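Containing compact mmCIF, C-alpha atoms: target.txt.
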# COMPACT_ATOMS: atom_id res chain seq x y z
CA MET E 1 -20.99 -4.62 -5.48
CA LYS E 2 -20.88 -1.90 -8.14
CA ARG E 3 -18.89 0.35 -5.80
CA TYR E 4 -16.25 -2.34 -5.29
CA PHE E 5 -15.70 -2.69 -9.04
CA THR E 6 -15.78 1.06 -9.75
CA MET E 7 -13.28 2.01 -7.06
CA SER E 8 -11.01 -0.99 -7.57
CA LEU E 9 -10.87 -0.57 -11.36
CA THR E 10 -9.83 3.07 -10.90
CA SER E 11 -6.92 2.02 -8.65
CA PHE E 12 -6.08 -0.87 -11.01
CA VAL E 13 -5.90 1.41 -14.06
CA PHE E 14 -3.69 3.93 -12.22
CA SER E 15 -1.32 1.16 -11.13
CA ILE E 16 -1.28 -0.82 -14.38
CA LEU E 17 -0.30 2.30 -16.33
CA ASN E 18 2.68 2.67 -14.01
CA VAL E 19 3.91 -0.93 -14.35
CA MET E 20 3.21 -0.91 -18.10
CA THR E 21 6.13 1.52 -18.41
CA TYR E 22 8.50 -1.24 -17.30
CA PHE E 23 6.67 -4.04 -19.09
CA LEU E 24 7.03 -2.20 -22.40
CA LEU E 25 10.57 -1.01 -21.67
CA GLY E 26 11.75 -4.62 -21.47
CA LEU E 27 9.89 -5.65 -24.63
CA ILE E 28 10.91 -2.65 -26.76
CA THR E 29 14.60 -2.85 -25.81
CA GLY E 30 14.61 -6.61 -26.40
CA ASN E 31 15.91 -7.26 -22.88
CA THR E 32 13.04 -8.26 -20.57
CA ALA E 33 15.44 -8.30 -17.61
CA LEU E 34 15.28 -4.49 -17.73
CA SER E 35 11.63 -4.73 -16.68
CA GLY E 36 13.04 -5.81 -13.33
CA ILE E 37 14.15 -2.23 -12.65
CA PHE E 38 10.68 -1.94 -11.10
CA SER E 39 11.68 -4.53 -8.48
CA ILE E 40 15.21 -3.19 -7.94
CA THR E 41 13.79 0.21 -6.97
CA TYR E 42 10.65 -1.20 -5.32
CA PRO E 43 11.96 -0.61 -1.75
CA LEU E 44 12.45 3.08 -2.57
CA GLN E 45 8.71 3.47 -3.15
CA PHE E 46 8.29 3.19 0.62
CA VAL E 47 10.85 5.96 1.18
CA ALA E 48 8.61 8.17 -0.94
CA SER E 49 5.59 6.93 1.03
CA MET E 50 7.19 7.88 4.36
CA LEU E 51 8.12 11.34 3.12
CA LEU E 52 4.64 11.87 1.69
CA SER E 53 2.95 10.85 4.94
CA PHE E 54 5.18 13.03 7.11
CA PHE E 55 5.49 16.21 5.04
CA SER E 56 2.27 16.17 3.01
CA SER E 57 -0.59 14.09 4.43
CA ALA E 58 0.09 15.07 8.04
CA SER E 59 0.39 18.75 7.09
CA ASN E 60 -2.93 18.62 5.22
CA ILE E 61 -4.64 16.90 8.16
CA ARG E 62 -3.29 19.60 10.46
CA ALA E 63 -4.43 22.34 8.04
CA ASN E 64 -8.00 21.00 8.06
CA LYS E 65 -8.03 20.67 11.84
CA GLU E 66 -6.57 24.12 12.50
CA GLY E 67 -7.72 26.03 9.42
CA ASN E 68 -4.06 26.82 8.79
CA LYS E 69 -2.83 26.73 5.16
CA ASN E 70 0.71 27.85 6.09
CA CYS E 71 1.63 24.35 7.29
CA VAL E 72 0.58 22.80 3.93
CA ASN E 73 2.83 25.06 1.85
CA THR E 74 5.64 24.66 4.37
CA GLY E 75 5.26 20.89 4.20
CA MET E 76 5.38 21.00 0.39
CA ILE E 77 8.67 22.96 0.36
CA LEU E 78 10.31 20.90 3.13
CA GLY E 79 9.11 17.67 1.53
CA ILE E 80 10.69 18.56 -1.79
CA ILE E 81 13.97 19.58 -0.11
CA PHE E 82 14.22 16.36 1.93
CA GLY E 83 13.03 14.28 -1.03
CA LEU E 84 15.70 15.81 -3.28
CA LEU E 85 18.38 15.13 -0.67
CA THR E 86 17.22 11.54 -0.07
CA PHE E 87 16.81 10.46 -3.69
CA GLY E 88 19.84 12.56 -4.69
CA ILE E 89 22.06 10.58 -2.31
CA VAL E 90 20.70 7.29 -3.68
CA ALA E 91 21.34 8.52 -7.23
CA ILE E 92 24.93 9.53 -6.41
CA PHE E 93 25.63 6.09 -4.93
CA VAL E 94 23.47 4.23 -7.46
CA ASP E 95 26.20 1.68 -8.25
CA ASN E 96 26.50 0.80 -4.56
CA TYR E 97 22.71 0.48 -4.30
CA ILE E 98 22.47 -1.84 -7.33
CA THR E 99 25.38 -3.94 -6.06
CA PHE E 100 23.74 -4.14 -2.63
CA MET E 101 20.64 -5.53 -4.36
CA GLN E 102 22.90 -8.27 -5.82
CA MET E 103 22.60 -6.98 -9.41
CA ASP E 104 25.12 -5.82 -12.05
CA ALA E 105 25.55 -2.02 -11.93
CA LYS E 106 26.93 -1.87 -15.50
CA ILE E 107 23.73 -3.36 -16.93
CA TYR E 108 21.13 -1.62 -14.78
CA ARG E 109 22.74 1.75 -13.90
CA THR E 110 21.07 4.07 -16.43
CA PHE E 111 17.50 2.84 -16.11
CA THR E 112 17.82 2.58 -12.32
CA LEU E 113 18.78 6.27 -12.32
CA MET E 114 15.73 6.96 -14.47
CA ALA E 115 13.52 5.05 -12.03
CA ILE E 116 14.97 6.99 -9.06
CA GLY E 117 14.22 10.26 -10.89
CA GLN E 118 10.68 9.07 -11.62
CA LEU E 119 10.16 8.23 -7.94
CA PHE E 120 11.29 11.70 -6.85
CA LEU E 121 9.19 13.53 -9.44
CA GLY E 122 6.26 11.21 -8.69
CA PHE E 123 6.66 12.07 -5.00
CA VAL E 124 6.49 15.81 -5.81
CA ASN E 125 3.45 15.20 -8.02
CA ASN E 126 1.76 13.27 -5.17
CA ILE E 127 2.39 16.18 -2.79
CA ILE E 128 0.47 18.42 -5.19
CA ALA E 129 -2.33 15.87 -5.70
CA ASP E 130 -2.55 15.34 -1.92
CA LYS E 131 -3.12 19.05 -1.40
CA LEU E 132 -5.88 19.06 -4.04
CA TYR E 133 -7.63 16.01 -2.54
CA PHE E 134 -7.62 17.53 0.95
CA GLU E 135 -9.15 20.68 -0.54
CA ASN E 136 -11.93 18.49 -2.03
CA LYS E 137 -10.68 19.23 -5.57
CA ASP E 138 -10.84 15.56 -6.54
CA LYS E 139 -11.14 16.13 -10.30
CA LYS E 140 -7.99 18.26 -10.37
CA GLY E 141 -6.21 15.77 -8.11
CA ASN E 142 -7.11 12.89 -10.43
CA LEU E 143 -6.06 14.92 -13.47
CA CYS E 144 -2.72 15.71 -11.86
CA SER E 145 -2.08 12.04 -11.00
CA ILE E 146 -3.30 10.39 -14.19
CA GLY E 147 -1.53 12.97 -16.33
CA PHE E 148 1.79 12.15 -14.68
CA ILE E 149 1.38 8.39 -15.09
CA ILE E 150 0.33 8.63 -18.77
CA LEU E 151 3.15 11.07 -19.55
CA ASN E 152 5.66 8.75 -17.85
CA LEU E 153 4.46 5.79 -19.92
CA LEU E 154 4.43 7.69 -23.23
CA THR E 155 7.82 9.39 -22.85
CA VAL E 156 9.60 6.12 -22.00
CA THR E 157 7.96 3.96 -24.67
CA ILE E 158 8.08 6.50 -27.51
CA ALA E 159 11.70 7.40 -26.75
CA ALA E 160 12.62 3.69 -26.60
CA LEU E 161 10.95 3.11 -29.97
CA ILE E 162 12.92 5.98 -31.54
CA THR E 163 16.33 5.26 -30.04
CA LYS E 164 18.18 2.50 -28.18
CA ASN E 165 20.39 5.07 -26.44
CA GLN E 166 19.58 4.68 -22.73
CA ILE E 167 20.80 8.17 -21.80
CA ALA E 168 18.52 9.71 -24.44
CA ILE E 169 15.53 7.76 -23.09
CA LEU E 170 16.37 8.86 -19.53
CA LEU E 171 16.72 12.54 -20.43
CA THR E 172 13.52 12.59 -22.54
CA ASN E 173 11.52 11.02 -19.73
CA LEU E 174 12.84 13.05 -16.80
CA ILE E 175 12.95 16.47 -18.53
CA ILE E 176 9.31 16.23 -19.68
CA LEU E 177 8.16 14.97 -16.27
CA PHE E 178 10.12 17.78 -14.57
CA ILE E 179 8.37 20.43 -16.70
CA TYR E 180 4.96 18.83 -16.01
CA VAL E 181 5.52 18.77 -12.24
CA CYS E 182 6.89 22.33 -12.17
CA VAL E 183 3.76 23.68 -13.89
CA TRP E 184 1.44 21.98 -11.39
CA PHE E 185 3.62 23.07 -8.47
CA ILE E 186 3.68 26.75 -9.49
CA LEU E 187 -0.10 26.73 -9.96
CA ASN E 188 -0.70 25.32 -6.48
CA LEU E 189 1.86 27.12 -4.32
CA SER E 190 0.82 30.35 -2.63
CA ARG E 191 2.59 32.80 -0.34
CA PHE E 192 2.97 31.51 3.21
CA LYS E 193 4.67 31.88 6.56
CA PHE E 194 6.91 29.06 7.78
CA ASP E 195 4.90 26.76 10.07
CA PHE E 196 5.94 23.16 10.69
CA LYS E 197 5.59 20.98 13.82
CA VAL E 198 7.58 17.74 13.68
CA ILE E 199 5.95 15.97 16.64
CA LEU E 200 2.41 16.85 15.57
CA ASN E 201 3.00 15.70 12.00
CA PHE E 202 4.44 12.41 13.20
CA LYS E 203 1.50 11.92 15.55
CA TYR E 204 -1.06 12.29 12.76
CA GLU E 205 0.63 9.81 10.41
CA SER E 206 2.70 7.64 12.77
CA LEU E 207 1.09 4.34 11.75
CA ASN E 208 1.67 4.95 8.02
CA ILE E 209 5.21 6.22 8.59
CA VAL E 210 6.22 3.25 10.75
CA GLY E 211 4.40 0.85 8.43
CA SER E 212 6.27 2.20 5.39
CA LEU E 213 9.57 1.93 7.28
CA PHE E 214 8.91 -1.77 7.90
CA MET E 215 7.99 -2.29 4.21
CA LEU E 216 11.22 -0.55 3.16
CA LEU E 217 13.27 -2.94 5.30
CA ILE E 218 11.24 -5.97 4.17
CA TYR E 219 11.87 -5.39 0.47
CA LEU E 220 15.34 -3.86 0.75
CA PHE E 221 16.84 -6.83 2.59
CA GLY E 222 14.30 -9.41 1.41
CA PHE E 223 14.77 -8.78 -2.32
CA ARG E 224 18.54 -8.54 -1.80
CA LYS E 225 18.57 -12.09 -0.44
CA ALA E 226 16.13 -13.42 -3.05
CA PHE E 227 18.07 -11.90 -5.97
CA SER E 228 21.28 -13.51 -4.69
CA PHE E 229 19.94 -16.96 -5.64
CA GLY E 230 20.32 -16.22 -9.35
CA GLU E 231 18.90 -14.39 -12.34
CA GLU E 232 16.05 -16.88 -12.81
CA TYR E 233 14.62 -15.86 -9.42
CA TYR E 234 15.19 -12.16 -10.09
CA ILE E 235 13.27 -12.46 -13.39
CA ALA E 236 10.41 -14.43 -11.79
CA ILE E 237 10.08 -12.00 -8.87
CA SER E 238 10.19 -8.98 -11.15
CA PHE E 239 7.61 -10.49 -13.52
CA LEU E 240 5.21 -11.36 -10.67
CA ASN E 241 5.64 -7.90 -9.10
CA LEU E 242 4.58 -6.26 -12.35
CA ILE E 243 1.43 -8.41 -12.38
CA THR E 244 0.48 -8.45 -8.70
CA ASP E 245 1.29 -4.86 -7.71
CA PRO E 246 -1.72 -3.46 -9.65
CA LEU E 247 -3.88 -6.27 -8.23
CA TRP E 248 -2.95 -5.34 -4.67
CA ASP E 249 -3.68 -1.69 -5.41
CA ALA E 250 -7.09 -2.67 -6.77
CA LEU E 251 -7.89 -4.84 -3.76
CA SER E 252 -7.02 -2.05 -1.31
CA VAL E 253 -10.63 -1.03 -2.00
CA ILE E 254 -11.77 -3.77 0.42
CA ASP E 255 -10.25 -1.94 3.39
CA LYS E 256 -11.34 1.47 2.07
CA ILE E 257 -15.01 0.54 1.56
CA ALA E 258 -15.11 -1.23 4.92
CA LYS E 259 -13.94 1.96 6.65
CA ILE E 260 -16.48 4.06 4.75
CA LYS E 261 -19.34 1.72 5.65
CA ILE E 262 -18.28 1.43 9.30
CA SER E 263 -18.02 5.22 9.62
CA GLN E 264 -21.56 5.48 8.23
CA SER E 265 -22.84 2.78 10.65
CA ASN E 266 -24.16 0.54 7.86
CA TYR E 267 -21.40 -2.06 7.61
CA ASN E 268 -22.82 -5.54 6.93
CA TYR E 269 -20.00 -7.98 7.68
CA LYS E 270 -21.54 -10.96 5.90
CA LYS E 271 -22.28 -8.94 2.77
CA ALA E 272 -18.81 -7.36 2.86
CA LEU E 273 -17.17 -10.80 2.91
CA LYS E 274 -19.30 -11.90 -0.04
CA ASN E 275 -18.46 -8.81 -2.11
CA SER E 276 -14.79 -9.00 -1.13
CA THR E 277 -14.64 -12.63 -2.25
CA ILE E 278 -16.19 -11.85 -5.64
CA ILE E 279 -13.87 -8.91 -6.33
CA THR E 280 -10.81 -10.88 -5.15
CA LEU E 281 -11.60 -13.90 -7.36
CA PHE E 282 -12.07 -11.50 -10.29
CA TYR E 283 -8.58 -10.04 -9.87
CA ILE E 284 -7.01 -13.43 -9.15
CA ALA E 285 -8.41 -14.57 -12.52
CA ILE E 286 -6.86 -11.51 -14.21
CA GLY E 287 -3.51 -12.28 -12.56
CA ILE E 288 -3.55 -15.94 -13.68
CA ILE E 289 -4.48 -14.98 -17.25
CA LEU E 290 -1.69 -12.40 -17.40
CA TYR E 291 0.82 -14.86 -15.97
CA PHE E 292 0.16 -17.65 -18.48
CA SER E 293 -0.11 -15.17 -21.35
CA LEU E 294 3.26 -13.51 -20.71
CA PHE E 295 5.58 -15.80 -18.75
CA LYS E 296 7.24 -17.20 -21.91
CA VAL E 297 7.71 -13.70 -23.34
CA TYR E 298 9.62 -12.71 -20.18
CA ASN E 299 11.60 -15.97 -20.03
CA VAL E 300 10.19 -16.95 -16.63
CA ILE E 301 10.80 -20.56 -15.56
CA LEU E 302 7.29 -21.98 -15.15
CA LYS E 303 7.93 -23.93 -11.93
CA ILE E 304 9.57 -21.01 -10.12
CA GLY E 305 6.93 -18.55 -11.29
CA LEU E 306 4.07 -20.82 -10.23
CA ILE E 307 5.45 -21.07 -6.68
CA TYR E 308 5.52 -17.28 -6.39
CA LEU E 309 2.06 -16.99 -7.97
CA SER E 310 0.54 -19.66 -5.68
CA ILE E 311 1.75 -17.88 -2.54
CA GLU E 312 0.37 -14.56 -3.83
CA VAL E 313 -3.02 -16.14 -4.60
CA ALA E 314 -3.13 -17.61 -1.07
CA ASP E 315 -2.36 -14.18 0.37
CA PHE E 316 -5.11 -12.58 -1.75
CA ILE E 317 -7.58 -15.02 -0.15
CA VAL E 318 -6.29 -14.29 3.37
CA ASN E 319 -6.72 -10.58 2.61
CA ILE E 320 -10.50 -11.05 2.07
CA PHE E 321 -10.99 -11.82 5.74
CA LYS E 322 -8.07 -9.87 7.23
CA SER E 323 -8.89 -6.50 5.62
CA ASN E 324 -12.53 -6.59 6.70
CA ILE E 325 -12.06 -7.66 10.31
CA GLN E 326 -8.98 -5.45 10.82
CA ALA E 327 -10.87 -2.37 9.62
CA TYR E 328 -13.83 -3.19 11.88
CA LEU E 329 -11.75 -3.81 15.01
CA GLN E 330 -9.65 -0.69 14.34
CA LEU E 331 -12.71 1.57 14.29
CA GLU E 332 -15.16 -0.23 16.57
CA TYR E 333 -13.12 -2.16 19.12
CA SER E 334 -9.56 -1.06 19.96
CA PRO E 335 -7.19 0.95 17.73
CA THR E 336 -4.38 0.22 20.18
CA LYS E 337 -4.74 -3.56 19.96
CA THR E 338 -5.15 -3.64 16.19
CA THR E 339 -2.16 -1.33 15.67
CA THR E 340 -0.06 -3.47 18.04
CA ILE E 341 -0.97 -6.66 16.14
CA THR E 342 -0.19 -4.96 12.82
CA LEU E 343 3.22 -3.73 13.99
CA ILE E 344 4.12 -7.13 15.50
CA SER E 345 3.18 -8.84 12.24
CA LYS E 346 5.25 -6.41 10.17
CA GLY E 347 8.19 -6.69 12.57
CA LEU E 348 8.14 -10.48 12.30
CA ARG E 349 7.73 -10.21 8.52
CA THR E 350 10.85 -8.03 8.37
CA ILE E 351 12.88 -10.59 10.34
CA LEU E 352 11.69 -13.54 8.23
CA SER E 353 12.27 -11.67 4.95
CA THR E 354 15.80 -10.85 6.02
CA PHE E 355 16.93 -14.20 7.44
CA LEU E 356 15.00 -16.95 5.62
CA ALA E 357 17.57 -18.72 3.41
CA THR E 358 15.30 -19.20 0.39
CA PRO E 359 14.51 -17.22 -2.77
CA PHE E 360 10.87 -17.31 -1.67
CA ASN E 361 11.70 -15.49 1.58
CA THR E 362 9.58 -12.34 1.12
CA ASN E 363 6.56 -14.34 -0.06
CA ILE E 364 6.76 -16.89 2.76
CA ALA E 365 7.13 -14.05 5.29
CA GLN E 366 4.18 -12.23 3.74
CA ILE E 367 1.72 -15.15 3.87
CA SER E 368 2.94 -16.36 7.30
CA CYS E 369 2.54 -12.98 8.97
CA GLY E 370 -0.72 -12.34 7.13
CA LEU E 371 -2.11 -15.57 8.59
CA LEU E 372 -0.76 -14.70 12.04
CA GLY E 373 -2.49 -11.32 11.94
CA LEU E 374 -5.73 -12.90 10.71
CA VAL E 375 -5.72 -15.50 13.49
CA LEU E 376 -5.16 -12.87 16.19
CA PHE E 377 -7.89 -10.63 14.76
CA MET E 378 -10.33 -13.54 14.50
CA ILE E 379 -9.66 -14.56 18.12
CA ILE E 380 -10.70 -11.06 19.19
CA ARG E 381 -13.68 -11.17 16.84
CA TYR E 382 -15.03 -14.55 18.06
CA LYS E 383 -14.41 -13.64 21.69
CA ASN E 384 -16.27 -10.34 21.53
CA TYR E 385 -18.63 -10.41 18.54
CA LYS E 386 -21.17 -12.58 16.80
CA ILE E 387 -23.01 -12.22 13.48
CA ASN E 388 -26.74 -11.60 13.80
CA VAL E 389 -29.36 -12.92 11.38
CA ASP E 390 -29.00 -9.82 9.18
CA GLY E 391 -25.24 -10.25 8.79
CA PHE E 392 -24.12 -7.47 11.14
CA LEU E 393 -21.45 -7.86 13.82
CA VAL E 394 -22.88 -7.35 17.33
CA ARG E 395 -21.24 -7.45 20.73
CA LYS E 396 -21.75 -10.62 22.72
CA THR E 397 -23.49 -10.45 26.09
CA ASN E 398 -22.59 -12.60 29.06
CA ASP E 399 -25.32 -15.20 28.63
CA LYS E 400 -24.72 -16.93 31.97
CA TYR E 401 -26.24 -13.92 33.76
CA LEU E 402 -29.43 -13.87 31.70
CA PRO E 403 -31.41 -16.40 33.85
CA LEU E 404 -30.60 -14.35 36.93
CA LEU E 405 -31.75 -11.15 35.27
CA LYS E 406 -35.22 -12.60 34.77
CA ASP E 407 -35.59 -13.12 38.51
CA LYS E 408 -36.85 -10.02 40.37
CA SER E 409 -34.95 -11.13 43.47
CA HIS E 410 -31.72 -10.29 41.65
CA LYS E 411 -32.41 -6.61 40.90
CA ARG E 412 -29.12 -5.49 42.42
CA LEU E 413 -27.17 -7.93 40.23
CA LYS E 414 -29.15 -6.76 37.20
CA ILE E 415 -28.28 -3.10 37.84
CA SER E 416 -24.63 -3.97 38.36
CA PHE E 417 -24.54 -6.07 35.16
CA ASN E 418 -26.17 -3.29 33.13
CA LYS E 419 -23.57 -0.79 34.30
CA GLN E 420 -20.76 -3.11 33.26
CA PHE E 421 -22.45 -3.79 29.93
CA ASP E 422 -22.83 -0.06 29.20
CA LYS E 423 -19.23 0.59 30.18
CA SER E 424 -17.97 -1.94 27.61
CA PHE E 425 -19.33 0.24 24.81
CA LYS E 426 -17.56 3.38 25.96
Once more with this new file: its structure as C-alpha cells, please.
Amino acid sequence: MKRYFTMSLTSFVFSILNVMTYFLLGLITGNTALSGIFSITYPLQFVASMLLSFFSSASNIRANKEGNKNCVNTGMILGIIFGLLTFGIVAIFVDNYITFMQMDAKIYRTFTLMAIGQLFLGFVNNIIADKLYFENKDKKGNLCSIGFIILNLLTVTIAALITKNQIAILLTNLIILFIYVCVWFILNLSRFKFDFKVILNFKYESLNIVGSLFMLLIYLFGFRKAFSFGEEYYIAISFLNLITDPLWDALSVIDKIAKIKISQSNYNYKKALKNSTIITLFYIAIGIILYFSLFKVYNVILKIGLIYLSIEVADFIVNIFKSNIQAYLQLEYSPTKTTTITLISKGLRTILSTFLATPFNTNIAQISCGLLGLVLFMIIRYKNYKINVDGFLVRKTNDKYLPLLKDKSHKRLKISFNKQFDKSFK
C-alpha cells in the first residue's frame, strides 16, 4: 500500500503544480474564465505526447536495444524541429484555433499563445528528461522535470502579481522557460551521426502514438461541441479538468504497479484490487473537497458541475477494475486482443464525443467506453481465469475431463489433454 501512495503522490504533485499555474492565473487576474485556457489547449497536449513517443521514447528504446546513441540525439533534433513546426503553425493560426473551439479569440488570444509556447518548451524539456530516464539517471530526470514545472508556475504567478499586462506576463514566462530548456539541452546533447528509422520508431511506440491520436480527436472535437452550449459549461468543464487531471495522473499508478508486479511474477489480483480501491477513494475524496471548496470562487453552477463530477467519480471507480485486469491480460494473456479492445473503445469514444448533442458528450463517451472495455476484459477474465484461495489469478482447466483422467483406461486421452493444456500456456 505504501508504494501506491508514494508513487501516486509524486505524480499528483507534478500534475497539481502544472494546473496550479492556471488556477492562480484566473484568481490573480480577477477573471477565472482565463483558467479555462488549460482546457482550450488540452487537445494539444496529445500532439506533444505523439511527438514525444515517436521521436524520443521510441529512439531511446531503440538505443537501449541496439546500443546506439546516435538515434537518441537524432530523435532529439528531429523532434524539436517537427515540434517547432507543429506548434508554430498552431500559434500562427491561433485565432482560428480559438474560434474553432467556440471561444472568443479577442479574450483568450494572448494566454492561449502562452500556453502553446509552454507546451512546446515542455515537450523539449520532456525529450531531455526522457533521455535521462532511459540512461537510468532518474534524479537528474526528476530535477529537470520538476524544475520546469516550478519555474512555469512562479514566472506566471509572480509576473501576474506585478503587472496586468498580458504580453508582459507571456514574455516573462516564455523567455525564462526558453533559457532553462536551452541550458538542459546543451548539457545533454553530444556529437552524433544522423540515424533515424521511421518504421522502427513507429513499431516501438505504435500503441501510444495511435492512442494519443484518438485522445487528440476526442478532446478537439468533443470540447468544441461542449463549449458551444455556453460559457457556463465551458467554465464547469475547465474547473473540473483542473481538479481531475492531477487525480488521473495520480491514479495512473494502478496500471504502473500492476505491470511491475506482473513482470516480477508476484501480482496478487485480490490484493491489487483492495489497494487500488483504497487509493482511488482517497483521491476521490480530495477531488470532492476541492470541488466544494472552490466552485463558488470560479463561478461554477453547482448543478452543472455536480453532473460532470459524478460522471468522473463513476469513471474513477471503473478504472479500479479496468486498469488491473487490462494490465494482466496485456502481459499474461494476449497483447493483440487487449490492444484491439482498447482501440475499439477509443474509436467509439471519439465518435460519441464528436456527435453526441449534449454538453456532457466527452464525459458520457468516456464512462460508456470505459464500461464497454471493462465488460469485454472481464468476459475474457472469467472465461479463462479464476482467483485461487491466495488471491492470484490462475488459468482454468477443463474440469469435464478430470474424471476421465483418473481412469487408467484413458491414458491416451490424458496424454492428449496434457499436450493441449501445455500448449495453451505458450
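Minimum distance to Phe282 (chain E) across E:Met50, E:Val313, E:Met20, E:Ala357 (counting all atoms listed in the file) occurs at E:Val313.
Within 9 Å of region 294-310 of chain E there are E:Gly26, E:Leu27, E:Asn31, E:Thr32, E:Ala33, E:Ser35, E:Glu232, E:Tyr233, E:Ile235, E:Ala236, E:Ile237, E:Phe239, E:Leu240, E:Thr244, E:Gly287, E:Ile288, E:Ile289, E:Asp315, E:Phe360, E:Asn363, counting only C-alpha atoms and ignoring same-chain residues fewer than 5 positions away.
Note that CA of Asp249 (chain E) and CA of Phe12 (chain E) are 6.1 Å apart.
Picture a line from CA of Phe392 (chain E) to CA of Asn268 (chain E); it runs 4.8 Å.
Residue nearest Gly347 (chain E) within the list E:Tyr204, E:Phe214, E:Tyr219, E:Phe229: E:Phe214 [criterion: smallest interatomic distance, all atoms listed in the file].
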Long-range neighbours of Lys197 (chain E) as a ChimeraX atom specification, 9 Å cut-off, only C-alpha atoms, 4 positions minimum in chain: /E:59,71,201-202
File of the preceding selection, C-alpha atoms, as a PDB file, in the coordinates of the input:
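Contents of selection-v8.pdb, as written:
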ATOM      1  CA  SER E  59       0.390  18.750   7.090  1.00  0.00           C
ATOM      2  CA  CYS E  71       1.630  24.350   7.290  1.00  0.00           C
ATOM      3  CA  ASN E 201       3.000  15.700  12.000  1.00  0.00           C
ATOM      4  CA  PHE E 202       4.440  12.410  13.200  1.00  0.00           C
TER       5      PHE E 202
END
Polymer residues at most 10 Å from Lys193 (chain E), only C-alpha atoms, same-chain spacing of 6 or more positions, as a list in words: Lys69, Asn70, Cys71, Asn73 and Thr74 of chain E
Between E:Phe194, E:Tyr333, E:Tyr22, E:Tyr97, which has the minimum distance to Phe221 (chain E) (counting all atoms listed in the file)? E:Tyr97
Please provide the set of residues having any atom within 9 Å of region 102-113 of chain E, restricted to all atoms listed in the file, with same-chain residues fewer than 3 positions apart removed, written as an mmCIF file with C-alpha atoms, keeping the file's coordinate frame.
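Writing done, so here's around-v3.cif:
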data_model
loop_
_atom_site.group_PDB
_atom_site.id
_atom_site.type_symbol
_atom_site.label_atom_id
_atom_site.label_comp_id
_atom_site.auth_asym_id
_atom_site.auth_seq_id
_atom_site.Cartn_x
_atom_site.Cartn_y
_atom_site.Cartn_z
ATOM 1 C CA LEU E 34 15.280 -4.490 -17.730
ATOM 2 C CA ILE E 37 14.150 -2.230 -12.650
ATOM 3 C CA PHE E 38 10.680 -1.940 -11.100
ATOM 4 C CA ILE E 40 15.210 -3.190 -7.940
ATOM 5 C CA THR E 41 13.790 0.210 -6.970
ATOM 6 C CA VAL E 90 20.700 7.290 -3.680
ATOM 7 C CA ALA E 91 21.340 8.520 -7.230
ATOM 8 C CA VAL E 94 23.470 4.230 -7.460
ATOM 9 C CA ASP E 95 26.200 1.680 -8.250
ATOM 10 C CA ASN E 96 26.500 0.800 -4.560
ATOM 11 C CA TYR E 97 22.710 0.480 -4.300
ATOM 12 C CA ILE E 98 22.470 -1.840 -7.330
ATOM 13 C CA THR E 99 25.380 -3.940 -6.060
ATOM 14 C CA ILE E 116 14.970 6.990 -9.060
ATOM 15 C CA GLY E 117 14.220 10.260 -10.890
ATOM 16 C CA GLN E 118 10.680 9.070 -11.620
ATOM 17 C CA GLN E 166 19.580 4.680 -22.730
ATOM 18 C CA ILE E 167 20.800 8.170 -21.800
ATOM 19 C CA ILE E 169 15.530 7.760 -23.090
ATOM 20 C CA LEU E 170 16.370 8.860 -19.530
ATOM 21 C CA PHE E 223 14.770 -8.780 -2.320
ATOM 22 C CA ARG E 224 18.540 -8.540 -1.800
ATOM 23 C CA LYS E 225 18.570 -12.090 -0.440
ATOM 24 C CA ALA E 226 16.130 -13.420 -3.050
ATOM 25 C CA PHE E 227 18.070 -11.900 -5.970
ATOM 26 C CA SER E 228 21.280 -13.510 -4.690
ATOM 27 C CA GLU E 231 18.900 -14.390 -12.340
#
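The closest residue to Ile380 (chain E), picked from E:Ser206, E:Ser334, E:Thr340, E:Ser265 and counting only C-alpha atoms, is E:Ser334.
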Between E:Leu78, E:Leu174, E:Val72, E:Leu329, which residue has the minimum interatomic distance to Asn188 (chain E), considering only C-alpha atoms? E:Val72
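When all atoms listed in the file are used to measure the gap to Thr362 (chain E), the shortest distance among E:Thr350, E:Ser39, E:Ser53, E:Asn324 belongs to E:Thr350.
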Distance of CA of Ser293 (chain E) from CA of Ile218 (chain E), expressed in Å to one decimal place: 29.4 Å
Please identify all polymer residues within 8 Å of region 136-147 of chain E, counting only C-alpha atoms, omitting same-chain residues fewer than 4 positions from it, and present them as a PyMOL selection string. chain E and resi 14+125-126+128-130+132+151+184
